[in-house]
Each structure stands twice: as structure tokens, then as C-alpha cells.
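Student: What follows is a structure written as C-alpha cells; I'll ask about it next.
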Amino acid sequence: MEFYEAVKRRRTVREFAERAVPEDALRRALDAGLRAPCNAHLKSWQFILLRDLERRDQAVYDGLKARDMKDPGEIERFVARFDEPELKKVYRRSLPRQLSMMLEAPELLLVCYRMKPQDECRTLFELNPLASVWMCIENIMLALAAEGLYGCTYTPYDSSALKGFLGVPDGYEVAAVIPFGYPKEPPARGESEDLDARLHIDGWAR
């Protein structure tokens, strides 16, 4: 697929068809991730695929402590903490599928990276490992879209129990948990963004 078409087609999908992901497509997507720019050329990225369904269940339930929030009142109490209407909209859509999307997806991927503890970082420069792992993740998501595959990036609030269960070494963090597969329904086309509203030449006010 032509690159810009893959960019346009990428969507967040949380409901999946019961269809296996071809191994060669998965490997192409992960290889694309490894080709992303990175801080100091370190590429301290590691991938975990949770394919054993029993281990996946335990990792998601006990490690991530994820759950589907179904009660409308509970959802509204949760989103009340946010000021931005768009953020409220996102959470209203995502909270009812936080658990089930990970249990039902044909594949569940964890992207890990090495970084010193966040509370020891004193400058933005020290956050470069976090920035670069997300370039790796973006490459993976675009490559999946090029393969007709879609998913969702879930960032754990606290991954310590998950890391312990999966044996992730000290010094590594979980950047994202990504359920993915073929979509249950064709993803809707997104709205075009207004580039000119965000583009500044020679300074913010120009």
C-alpha cells in the first residue's frame, strides 16, 4: 500500500473479527517497528506476544487489572475529571471495551523499552527512550494498517504486576499493550485535520 494511504487508513479499533492474523504480516509489522528512529541508536525495544489464552487472561486480569466499565453513571463520574469534550468522548467510547478488547483480539502485543525510573529523570532529554519507543509503536500501527489490520494502544497506569507475571527484567517498562487483528466492522474514515490551524512559520504568532 502507498504510504500516505496507510496513514489515512490507520484507525483505533477495539472489536475484532474471529480471523487469525497471518504470521508473515505480523512479522512485517514488527520489523517496521524496529526500523523507527531511536535515541542514540540504542533500540532497547522488546516485544512480547501473549498467545496462550490462559496466560493472557491472567496477565490482563491480574497483571493489568483491566476491566470493562459498563455502567453509564460510573462512566460519567470517570469522565467528569476531564475538561476537554473530545477526551470525554474518547473515554465514553473506550471504557466499555478496556478488558474485552484484550481478551478477544486475535493477537495481544506488549512493547517494552529500557529506561531509568521516571522519578530520576530531570530533563526532557532523559525521556528520549520513551519518545523513541512510541516512534516504534507508530511504525507498527501504520504497518498493520497497510496489512488491513487494526488495533488499539493501551498504556498501563501501573505495569509492575504485569511485568512481574511475565518476567520482564528490571529496567524495562511496558510502553503499550496492543490488541490487534482484522476489524469486526470496516473502520470509519476519520475527519481531515486542519493543517493551517496548526502550522506556524518563523514563530508561533506568524
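Identifiers for the C-alpha cells are assigned positionally: chains receive A, B, ... in sequence, residues are indexed from 1 per chain, and ligands are indexed from 1 in the order shown.
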Mind running region 2-52 of chain A against region 78-101 of chain A at 8 Å and telling me each contacting residue's nearest atom pair with the distance in Å (one decimal), counting only C-alpha atoms, chain and number ascending, as JSON lines?
Tutor:
{"residue": "A:Arg14", "atom": "CA", "partner": "A:Met101", "partner_atom": "CA", "distance": 5.3}
{"residue": "A:Glu15", "atom": "CA", "partner": "A:Met101", "partner_atom": "CA", "distance": 6.1}
{"residue": "A:Phe16", "atom": "CA", "partner": "A:Met101", "partner_atom": "CA", "distance": 7.8}
Student: Using only C-alpha atoms, which residues sit within 6 Å of Leu149 (chain A) once same-chain residues fewer than 5 positions away are excluded, as a list in words?
Tutor: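 Those residues are Leu144, Gly181 and Tyr182 of chain A.
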Student: Find the residue from A:Leu127, A:Ala20, A:Ile178, A:Val7 that sits nearest to Asn39 (chain A); use only C-alpha atoms when measuring.
Tutor: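 Among the listed residues, the smallest separation from Asn39 (chain A) belongs to A:Leu127.
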Student: What are the closest atom pairs, with distances in Å to one decimal, for all residues of region 94-151 of chain A lying within 8 Å of region 170-177 of chain A? Consider only C-alpha atoms, order rows by chain and residue number, and present the result as a tab-separated table.
Tutor:
residue	atom	partner	partner_atom	distance
A:Leu108	CA	A:Val177	CA	7.0
A:Leu109	CA	A:Val177	CA	5.7
A:Leu110	CA	A:Val177	CA	4.6
A:Val111	CA	A:Ala176	CA	5.6
A:Cys112	CA	A:Val174	CA	4.4
A:Tyr113	CA	A:Tyr172	CA	5.3
A:Arg114	CA	A:Tyr172	CA	4.3
A:Met115	CA	A:Gly171	CA	6.0
A:Lys116	CA	A:Gly171	CA	6.2
A:Pro117	CA	A:Gly171	CA	7.6
A:Leu130	CA	A:Ala175	CA	7.5
A:Val133	CA	A:Ala175	CA	7.2
A:Trp134	CA	A:Ala175	CA	7.6
Student: For the strand (DSSP E or B) assignment from backbone DSSP, which residues of region 25-168 of chain A qualify? Please present them as a ChimeraX atom specification.
Tutor: /A:45-49,107-114,150-151,154
Student: Can you work out which one of A:His41, A:Glu74, A:Glu107, A:Ser192 has the shortest atom-to-atom distance to Glu23 (chain A), counting only C-alpha atoms?
Tutor: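 When distances to Glu23 (chain A) are compared using only C-alpha atoms, the smallest one comes from A:Glu107.
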Student: Report as a count of residues only all protein, DNA and RNA residues lying within 8 Å of Ala25 (chain A), evaluated on only C-alpha atoms, omitting residues in the same chain fewer than 3 positions from it.
Tutor: 6
Student: Using Å and a single decimal, report how far CA of Asn139 (chain A) sits from CA of Ser159 (chain A).
Tutor: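 Distance reported for this atom pair: 22.8 Å.
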